[in-house]
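J.: File follows, coords-v6.txt with compact mmCIF, N, CA and C atoms:
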# COMPACT_ATOMS: atom_id res chain seq x y z
N MET F 1 -86.88 64.07 68.99
CA MET F 1 -86.65 63.64 70.36
C MET F 1 -85.57 62.56 70.39
N ILE F 2 -84.77 62.62 71.41
CA ILE F 2 -83.75 61.60 71.59
C ILE F 2 -84.38 60.47 72.41
N ARG F 3 -84.41 59.28 71.88
CA ARG F 3 -85.12 58.18 72.52
C ARG F 3 -84.57 57.80 73.89
N GLN F 4 -83.29 58.00 74.15
CA GLN F 4 -82.70 57.56 75.40
C GLN F 4 -83.05 58.47 76.58
N GLU F 5 -83.61 59.61 76.31
CA GLU F 5 -83.91 60.56 77.38
C GLU F 5 -85.41 60.66 77.62
N LYS F 6 -85.77 60.92 78.86
CA LYS F 6 -87.17 61.16 79.21
C LYS F 6 -87.52 62.58 78.82
N HIS F 7 -88.68 62.76 78.22
CA HIS F 7 -89.16 64.09 77.84
C HIS F 7 -90.47 64.36 78.55
N TYR F 8 -90.71 65.62 78.81
CA TYR F 8 -91.94 66.05 79.46
C TYR F 8 -92.69 66.96 78.48
N LEU F 9 -93.92 66.59 78.19
CA LEU F 9 -94.74 67.37 77.26
C LEU F 9 -95.88 68.03 78.03
N PHE F 10 -96.05 69.31 77.81
CA PHE F 10 -97.11 70.08 78.47
C PHE F 10 -98.03 70.66 77.40
N PHE F 11 -99.32 70.36 77.53
CA PHE F 11 -100.32 70.88 76.61
C PHE F 11 -101.38 71.63 77.39
N ASP F 12 -101.69 72.83 76.97
CA ASP F 12 -102.74 73.61 77.62
C ASP F 12 -103.84 73.90 76.61
N GLU F 13 -105.08 73.68 77.01
CA GLU F 13 -106.25 73.91 76.16
C GLU F 13 -106.17 73.12 74.86
N ILE F 14 -105.57 71.96 74.90
CA ILE F 14 -105.43 71.12 73.71
C ILE F 14 -106.77 70.53 73.27
N GLN F 15 -107.76 70.54 74.15
CA GLN F 15 -109.06 69.98 73.80
C GLN F 15 -109.71 70.73 72.64
N ASN F 16 -109.18 71.89 72.29
CA ASN F 16 -109.69 72.66 71.15
C ASN F 16 -109.19 72.13 69.81
N VAL F 17 -108.26 71.18 69.84
CA VAL F 17 -107.71 70.59 68.63
C VAL F 17 -108.44 69.28 68.36
N ASN F 18 -108.97 69.12 67.15
CA ASN F 18 -109.69 67.90 66.81
C ASN F 18 -108.79 66.68 66.92
N GLU F 19 -109.29 65.64 67.56
CA GLU F 19 -108.62 64.35 67.71
C GLU F 19 -107.22 64.46 68.32
N PHE F 20 -107.07 65.36 69.28
CA PHE F 20 -105.77 65.52 69.93
C PHE F 20 -105.34 64.24 70.64
N GLU F 21 -106.30 63.41 71.03
CA GLU F 21 -105.98 62.17 71.74
C GLU F 21 -105.08 61.27 70.90
N LEU F 22 -105.28 61.26 69.59
CA LEU F 22 -104.47 60.43 68.71
C LEU F 22 -103.00 60.87 68.73
N VAL F 23 -102.78 62.17 68.72
CA VAL F 23 -101.41 62.70 68.73
C VAL F 23 -100.74 62.41 70.07
N VAL F 24 -101.48 62.66 71.15
CA VAL F 24 -100.93 62.42 72.48
C VAL F 24 -100.59 60.94 72.64
N ASN F 25 -101.48 60.06 72.19
CA ASN F 25 -101.21 58.62 72.28
C ASN F 25 -100.01 58.21 71.45
N SER F 26 -99.80 58.84 70.31
CA SER F 26 -98.65 58.47 69.47
C SER F 26 -97.34 58.85 70.16
N PHE F 27 -97.30 59.99 70.84
CA PHE F 27 -96.10 60.36 71.61
C PHE F 27 -95.85 59.34 72.71
N ARG F 28 -96.91 58.97 73.40
CA ARG F 28 -96.77 58.03 74.52
C ARG F 28 -96.31 56.65 74.04
N ALA F 29 -96.78 56.24 72.87
CA ALA F 29 -96.46 54.92 72.35
C ALA F 29 -95.06 54.83 71.77
N THR F 30 -94.52 55.94 71.28
CA THR F 30 -93.24 55.88 70.56
C THR F 30 -92.07 56.54 71.28
N HIS F 31 -92.32 57.22 72.40
CA HIS F 31 -91.23 57.92 73.10
C HIS F 31 -91.38 57.73 74.61
N ASP F 32 -90.31 57.97 75.32
CA ASP F 32 -90.33 57.93 76.78
C ASP F 32 -90.75 59.32 77.27
N VAL F 33 -92.05 59.50 77.49
CA VAL F 33 -92.57 60.82 77.82
C VAL F 33 -93.52 60.76 79.01
N SER F 34 -93.57 61.86 79.72
CA SER F 34 -94.63 62.13 80.68
C SER F 34 -95.43 63.29 80.09
N ILE F 35 -96.73 63.12 80.05
CA ILE F 35 -97.57 64.10 79.38
C ILE F 35 -98.48 64.76 80.40
N PHE F 36 -98.53 66.09 80.35
CA PHE F 36 -99.38 66.87 81.24
C PHE F 36 -100.34 67.68 80.38
N ILE F 37 -101.62 67.51 80.64
CA ILE F 37 -102.65 68.20 79.86
C ILE F 37 -103.47 69.06 80.82
N THR F 38 -103.57 70.34 80.52
CA THR F 38 -104.36 71.24 81.34
C THR F 38 -105.38 71.95 80.46
N GLY F 39 -106.44 72.38 81.10
CA GLY F 39 -107.45 73.13 80.36
C GLY F 39 -108.64 73.43 81.23
N SER F 40 -109.51 74.23 80.71
CA SER F 40 -110.67 74.68 81.47
C SER F 40 -111.97 74.05 80.99
N ASN F 41 -111.90 73.19 79.99
CA ASN F 41 -113.08 72.60 79.41
C ASN F 41 -113.55 71.41 80.22
N SER F 42 -114.85 71.24 80.35
CA SER F 42 -115.39 70.12 81.12
C SER F 42 -115.07 68.79 80.48
N ARG F 43 -114.78 68.78 79.19
CA ARG F 43 -114.42 67.53 78.52
C ARG F 43 -113.16 66.92 79.14
N LEU F 44 -112.23 67.77 79.57
CA LEU F 44 -111.01 67.26 80.20
C LEU F 44 -111.29 66.62 81.54
N LEU F 45 -112.38 67.01 82.18
CA LEU F 45 -112.71 66.46 83.49
C LEU F 45 -113.50 65.16 83.38
N SER F 46 -113.95 64.82 82.21
CA SER F 46 -114.77 63.63 82.05
C SER F 46 -113.91 62.38 82.04
N GLY F 47 -114.49 61.28 82.42
CA GLY F 47 -113.81 60.00 82.36
C GLY F 47 -113.56 59.55 80.93
N GLU F 48 -114.29 60.13 79.98
CA GLU F 48 -114.15 59.79 78.57
C GLU F 48 -112.73 60.04 78.08
N LEU F 49 -112.11 61.09 78.55
CA LEU F 49 -110.76 61.42 78.11
C LEU F 49 -109.78 60.33 78.54
N ALA F 50 -109.89 59.86 79.77
CA ALA F 50 -108.99 58.81 80.25
C ALA F 50 -109.11 57.56 79.39
N THR F 51 -110.32 57.25 78.94
CA THR F 51 -110.53 56.10 78.07
C THR F 51 -109.81 56.28 76.75
N HIS F 52 -109.90 57.47 76.17
CA HIS F 52 -109.25 57.74 74.89
C HIS F 52 -107.73 57.72 75.00
N LEU F 53 -107.20 58.14 76.13
CA LEU F 53 -105.75 58.20 76.28
C LEU F 53 -105.14 56.86 76.66
N SER F 54 -105.96 55.94 77.07
CA SER F 54 -105.58 54.54 77.33
C SER F 54 -104.25 54.37 78.07
N GLY F 55 -104.10 55.07 79.12
CA GLY F 55 -102.91 54.93 79.96
C GLY F 55 -103.25 55.34 81.37
N ARG F 56 -102.24 55.47 82.17
CA ARG F 56 -102.48 55.93 83.54
C ARG F 56 -102.79 57.41 83.51
N THR F 57 -103.90 57.77 84.11
CA THR F 57 -104.25 59.19 84.19
C THR F 57 -104.56 59.55 85.63
N VAL F 58 -104.18 60.73 85.99
CA VAL F 58 -104.49 61.29 87.31
C VAL F 58 -105.09 62.65 87.06
N SER F 59 -106.24 62.89 87.67
CA SER F 59 -106.93 64.17 87.48
C SER F 59 -106.85 65.00 88.74
N PHE F 60 -106.59 66.29 88.57
CA PHE F 60 -106.60 67.24 89.66
C PHE F 60 -107.53 68.38 89.29
N ARG F 61 -108.46 68.68 90.14
CA ARG F 61 -109.31 69.84 89.91
C ARG F 61 -108.78 70.96 90.80
N ILE F 62 -108.37 72.03 90.19
CA ILE F 62 -107.77 73.15 90.93
C ILE F 62 -108.68 74.36 90.78
N LEU F 63 -109.13 74.87 91.90
CA LEU F 63 -110.01 76.04 91.90
C LEU F 63 -109.20 77.29 92.24
N PRO F 64 -109.64 78.43 91.78
CA PRO F 64 -108.92 79.67 92.11
C PRO F 64 -109.11 80.03 93.58
N PHE F 65 -108.20 80.85 94.10
CA PHE F 65 -108.32 81.35 95.47
C PHE F 65 -109.54 82.24 95.60
N ASN F 66 -110.18 82.21 96.78
CA ASN F 66 -111.14 83.25 97.09
C ASN F 66 -110.33 84.43 97.65
N PHE F 67 -110.98 85.54 97.98
CA PHE F 67 -110.26 86.74 98.41
C PHE F 67 -109.44 86.50 99.68
N LYS F 68 -110.03 85.81 100.64
CA LYS F 68 -109.33 85.55 101.90
C LYS F 68 -108.09 84.69 101.66
N GLU F 69 -108.20 83.64 100.84
CA GLU F 69 -107.06 82.78 100.54
C GLU F 69 -105.98 83.54 99.78
N PHE F 70 -106.39 84.42 98.89
CA PHE F 70 -105.44 85.23 98.14
C PHE F 70 -104.62 86.11 99.09
N CYS F 71 -105.30 86.75 100.02
CA CYS F 71 -104.61 87.61 101.00
C CYS F 71 -103.67 86.80 101.87
N GLN F 72 -104.12 85.64 102.33
CA GLN F 72 -103.26 84.79 103.16
C GLN F 72 -102.03 84.34 102.39
N PHE F 73 -102.19 83.97 101.13
CA PHE F 73 -101.07 83.53 100.31
C PHE F 73 -100.01 84.62 100.17
N HIS F 74 -100.47 85.87 100.06
CA HIS F 74 -99.55 86.99 99.90
C HIS F 74 -99.13 87.61 101.24
N GLY F 75 -99.51 86.97 102.34
CA GLY F 75 -99.11 87.45 103.65
C GLY F 75 -99.79 88.72 104.09
N GLU F 76 -100.95 89.01 103.54
CA GLU F 76 -101.69 90.22 103.88
C GLU F 76 -102.73 89.89 104.95
N ARG F 77 -102.84 90.78 105.91
CA ARG F 77 -103.91 90.63 106.91
C ARG F 77 -105.12 91.41 106.44
N ILE F 78 -106.27 90.82 106.65
CA ILE F 78 -107.50 91.55 106.32
C ILE F 78 -108.25 91.82 107.59
N MET F 79 -108.74 93.02 107.68
CA MET F 79 -109.50 93.44 108.85
C MET F 79 -110.94 92.98 108.69
N THR F 80 -111.34 92.03 109.52
CA THR F 80 -112.69 91.48 109.38
C THR F 80 -113.69 92.14 110.32
N SER F 81 -113.24 93.00 111.21
CA SER F 81 -114.16 93.58 112.18
C SER F 81 -115.21 94.47 111.50
N SER F 82 -114.88 95.04 110.36
CA SER F 82 -115.83 95.91 109.70
C SER F 82 -116.67 95.13 108.66
N TRP F 83 -116.39 93.87 108.51
CA TRP F 83 -117.13 93.06 107.54
C TRP F 83 -118.32 92.40 108.22
N ARG F 84 -119.33 92.17 107.48
CA ARG F 84 -120.50 91.45 107.99
C ARG F 84 -120.39 89.99 107.56
N SER F 85 -120.69 89.11 108.46
CA SER F 85 -120.75 87.69 108.09
C SER F 85 -122.13 87.39 107.54
N THR F 86 -122.15 86.62 106.48
CA THR F 86 -123.44 86.23 105.91
C THR F 86 -123.58 84.74 105.90
Take the structure I supplied and represent it as structure tokens, if you would.
T.:
Amino acid sequence: MIRQEKHYLFFDEIQNVNEFELVVNSFRATHDVSIFITGSNSRLLSGELATHLSGRTVSFRILPFNFKEFCQFHGERIMTSSWRST
């Protein structure tokens, strides 16, 4: 890495790597980086991770679209007159 430039690091499902927090912290401590960590494990959602990373953390929980949202996103109309509401 070139120290004078900002770098962006993206890690997906990194929680499967033992002690990944140490590696992520070393990048943060020695380089000008923004780090993005994504994954589906509940460990990433815990406050414990923020403690291990010892920096500013922002968490976003993103849920998948339901069928109606999926159709709206793709500009599709769904006919609800034949559907039953429950």
J.: Which residue, F:Ile62, F:Met79, F:Val24, F:Ile37, has the smallest gap to Asp12 in chain F when you use all atoms listed in the file?
T.: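 Going through F:Ile62, F:Met79, F:Val24, F:Ile37 one by one, the smallest distance to Asp12 in chain F is for F:Ile37.
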J.: Could you state the separation of atom N of Leu22 in chain F and atom N of Phe36 in chain F in Å, given to one decimal place?
T.: 13.6 Å
J.: Extract, using only C-alpha atoms, all DNA, RNA and protein residues at most 9 Å from Ile78 in chain F, discarding same-chain residues fewer than 6 positions from it, and format them as a PyMOL selection string.
T.: chain F and resi 68+71-72
J.: In Å to one decimal, how far is atom C of Leu9 in chain F from CA of Val33 in chain F?
T.: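 Interatomic distance, CA of Val33 in chain F to atom C of Leu9 in chain F: 7.9 Å.
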J.: Suppose you want the space between atom N of Phe70 in chain F and atom N of Glu13 in chain F; what is it in Å?
T.: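 Atom-to-atom, atom N of Phe70 in chain F and atom N of Glu13 in chain F are spaced 24.4 Å apart.
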J.: Would you mind telling me which residue in F:Ile35, F:Thr57, F:His74, F:Asn66 lies nearest to Phe10 in chain F when using only C-alpha atoms?
T.: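 For Phe10 in chain F, the nearest of the candidates is F:Ile35.
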J.: When you count all atoms listed in the file, which of these residues is closest to His7 in chain F: F:Glu76, F:Leu63, F:His31, F:Thr38?
T.: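 Using all atoms listed in the file, His7 in chain F sits closest to F:His31.
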J.: So, counting all atoms listed in the file, which residue among F:Lys6, F:Phe60, F:Glu21, F:Phe73 is closest to Ser34 in chain F?
T.: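 Among the listed residues, the smallest separation from Ser34 in chain F belongs to F:Lys6.
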J.: Reconstruct N, CA, C and O atoms of range 53-78 of chain F; output as a PDB file, in the coordinates of the input.
T.:
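Just written: selection.pdb:
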ATOM      1  N   LEU F  53    -107.200  58.140  76.130  1.00  0.00           N
ATOM      2  CA  LEU F  53    -105.750  58.200  76.280  1.00  0.00           C
ATOM      3  C   LEU F  53    -105.140  56.860  76.660  1.00  0.00           C
ATOM      4  O   LEU F  53    -103.941  56.685  76.612  1.00  0.00           O
ATOM      5  N   SER F  54    -105.960  55.940  77.070  1.00  0.00           N
ATOM      6  CA  SER F  54    -105.580  54.540  77.330  1.00  0.00           C
ATOM      7  C   SER F  54    -104.250  54.370  78.070  1.00  0.00           C
ATOM      8  O   SER F  54    -103.394  53.629  77.662  1.00  0.00           O
ATOM      9  N   GLY F  55    -104.100  55.070  79.120  1.00  0.00           N
ATOM     10  CA  GLY F  55    -102.910  54.930  79.960  1.00  0.00           C
ATOM     11  C   GLY F  55    -103.250  55.340  81.370  1.00  0.00           C
ATOM     12  O   GLY F  55    -104.407  55.501  81.732  1.00  0.00           O
ATOM     13  N   ARG F  56    -102.240  55.470  82.170  1.00  0.00           N
ATOM     14  CA  ARG F  56    -102.480  55.930  83.540  1.00  0.00           C
ATOM     15  C   ARG F  56    -102.790  57.410  83.510  1.00  0.00           C
ATOM     16  O   ARG F  56    -102.045  58.198  82.944  1.00  0.00           O
ATOM     17  N   THR F  57    -103.900  57.770  84.110  1.00  0.00           N
ATOM     18  CA  THR F  57    -104.250  59.190  84.190  1.00  0.00           C
ATOM     19  C   THR F  57    -104.560  59.550  85.630  1.00  0.00           C
ATOM     20  O   THR F  57    -105.091  58.746  86.386  1.00  0.00           O
ATOM     21  N   VAL F  58    -104.180  60.730  85.990  1.00  0.00           N
ATOM     22  CA  VAL F  58    -104.490  61.290  87.310  1.00  0.00           C
ATOM     23  C   VAL F  58    -105.090  62.650  87.060  1.00  0.00           C
ATOM     24  O   VAL F  58    -104.531  63.455  86.320  1.00  0.00           O
ATOM     25  N   SER F  59    -106.240  62.890  87.670  1.00  0.00           N
ATOM     26  CA  SER F  59    -106.930  64.170  87.480  1.00  0.00           C
ATOM     27  C   SER F  59    -106.850  65.000  88.740  1.00  0.00           C
ATOM     28  O   SER F  59    -107.015  64.491  89.838  1.00  0.00           O
ATOM     29  N   PHE F  60    -106.590  66.290  88.570  1.00  0.00           N
ATOM     30  CA  PHE F  60    -106.600  67.240  89.660  1.00  0.00           C
ATOM     31  C   PHE F  60    -107.530  68.380  89.290  1.00  0.00           C
ATOM     32  O   PHE F  60    -107.365  68.959  88.210  1.00  0.00           O
ATOM     33  N   ARG F  61    -108.460  68.680  90.140  1.00  0.00           N
ATOM     34  CA  ARG F  61    -109.310  69.840  89.910  1.00  0.00           C
ATOM     35  C   ARG F  61    -108.780  70.960  90.800  1.00  0.00           C
ATOM     36  O   ARG F  61    -108.741  70.820  92.020  1.00  0.00           O
ATOM     37  N   ILE F  62    -108.370  72.030  90.190  1.00  0.00           N
ATOM     38  CA  ILE F  62    -107.770  73.150  90.930  1.00  0.00           C
ATOM     39  C   ILE F  62    -108.680  74.360  90.780  1.00  0.00           C
ATOM     40  O   ILE F  62    -108.957  74.814  89.672  1.00  0.00           O
ATOM     41  N   LEU F  63    -109.130  74.870  91.900  1.00  0.00           N
ATOM     42  CA  LEU F  63    -110.010  76.040  91.900  1.00  0.00           C
ATOM     43  C   LEU F  63    -109.200  77.290  92.240  1.00  0.00           C
ATOM     44  O   LEU F  63    -108.189  77.212  92.944  1.00  0.00           O
ATOM     45  N   PRO F  64    -109.640  78.430  91.780  1.00  0.00           N
ATOM     46  CA  PRO F  64    -108.920  79.670  92.110  1.00  0.00           C
ATOM     47  C   PRO F  64    -109.110  80.030  93.580  1.00  0.00           C
ATOM     48  O   PRO F  64    -110.047  79.573  94.239  1.00  0.00           O
ATOM     49  N   PHE F  65    -108.200  80.850  94.100  1.00  0.00           N
ATOM     50  CA  PHE F  65    -108.320  81.350  95.470  1.00  0.00           C
ATOM     51  C   PHE F  65    -109.540  82.240  95.600  1.00  0.00           C
ATOM     52  O   PHE F  65    -109.874  82.994  94.673  1.00  0.00           O
ATOM     53  N   ASN F  66    -110.180  82.210  96.780  1.00  0.00           N
ATOM     54  CA  ASN F  66    -111.140  83.250  97.090  1.00  0.00           C
ATOM     55  C   ASN F  66    -110.330  84.430  97.650  1.00  0.00           C
ATOM     56  O   ASN F  66    -109.104  84.358  97.793  1.00  0.00           O
ATOM     57  N   PHE F  67    -110.980  85.540  97.980  1.00  0.00           N
ATOM     58  CA  PHE F  67    -110.260  86.740  98.410  1.00  0.00           C
ATOM     59  C   PHE F  67    -109.440  86.500  99.680  1.00  0.00           C
ATOM     60  O   PHE F  67    -108.276  86.887  99.762  1.00  0.00           O
ATOM     61  N   LYS F  68    -110.030  85.810 100.640  1.00  0.00           N
ATOM     62  CA  LYS F  68    -109.330  85.550 101.900  1.00  0.00           C
ATOM     63  C   LYS F  68    -108.090  84.690 101.660  1.00  0.00           C
ATOM     64  O   LYS F  68    -107.009  84.979 102.188  1.00  0.00           O
ATOM     65  N   GLU F  69    -108.200  83.640 100.840  1.00  0.00           N
ATOM     66  CA  GLU F  69    -107.060  82.780 100.540  1.00  0.00           C
ATOM     67  C   GLU F  69    -105.980  83.540  99.780  1.00  0.00           C
ATOM     68  O   GLU F  69    -104.784  83.347 100.029  1.00  0.00           O
ATOM     69  N   PHE F  70    -106.390  84.420  98.890  1.00  0.00           N
ATOM     70  CA  PHE F  70    -105.440  85.230  98.140  1.00  0.00           C
ATOM     71  C   PHE F  70    -104.620  86.110  99.090  1.00  0.00           C
ATOM     72  O   PHE F  70    -103.396  86.194  98.993  1.00  0.00           O
ATOM     73  N   CYS F  71    -105.300  86.750 100.020  1.00  0.00           N
ATOM     74  CA  CYS F  71    -104.610  87.610 101.000  1.00  0.00           C
ATOM     75  C   CYS F  71    -103.670  86.800 101.870  1.00  0.00           C
ATOM     76  O   CYS F  71    -102.533  87.211 102.130  1.00  0.00           O
ATOM     77  N   GLN F  72    -104.120  85.640 102.330  1.00  0.00           N
ATOM     78  CA  GLN F  72    -103.260  84.790 103.160  1.00  0.00           C
ATOM     79  C   GLN F  72    -102.030  84.340 102.390  1.00  0.00           C
ATOM     80  O   GLN F  72    -100.920  84.332 102.937  1.00  0.00           O
ATOM     81  N   PHE F  73    -102.190  83.970 101.130  1.00  0.00           N
ATOM     82  CA  PHE F  73    -101.070  83.530 100.310  1.00  0.00           C
ATOM     83  C   PHE F  73    -100.010  84.620 100.170  1.00  0.00           C
ATOM     84  O   PHE F  73     -98.820  84.365 100.185  1.00  0.00           O
ATOM     85  N   HIS F  74    -100.470  85.870 100.060  1.00  0.00           N
ATOM     86  CA  HIS F  74     -99.550  86.990  99.900  1.00  0.00           C
ATOM     87  C   HIS F  74     -99.130  87.610 101.240  1.00  0.00           C
ATOM     88  O   HIS F  74     -98.478  88.648 101.254  1.00  0.00           O
ATOM     89  N   GLY F  75     -99.510  86.970 102.340  1.00  0.00           N
ATOM     90  CA  GLY F  75     -99.110  87.450 103.650  1.00  0.00           C
ATOM     91  C   GLY F  75     -99.790  88.720 104.090  1.00  0.00           C
ATOM     92  O   GLY F  75     -99.268  89.457 104.934  1.00  0.00           O
ATOM     93  N   GLU F  76    -100.950  89.010 103.540  1.00  0.00           N
ATOM     94  CA  GLU F  76    -101.690  90.220 103.880  1.00  0.00           C
ATOM     95  C   GLU F  76    -102.730  89.890 104.950  1.00  0.00           C
ATOM     96  O   GLU F  76    -103.386  88.871 104.894  1.00  0.00           O
ATOM     97  N   ARG F  77    -102.840  90.780 105.910  1.00  0.00           N
ATOM     98  CA  ARG F  77    -103.910  90.630 106.910  1.00  0.00           C
ATOM     99  C   ARG F  77    -105.120  91.410 106.440  1.00  0.00           C
ATOM    100  O   ARG F  77    -104.992  92.484 105.888  1.00  0.00           O
ATOM    101  N   ILE F  78    -106.270  90.820 106.650  1.00  0.00           N
ATOM    102  CA  ILE F  78    -107.500  91.550 106.320  1.00  0.00           C
ATOM    103  C   ILE F  78    -108.250  91.820 107.590  1.00  0.00           C
ATOM    104  O   ILE F  78    -108.313  91.021 108.501  1.00  0.00           O
TER     105      ILE F  78
END
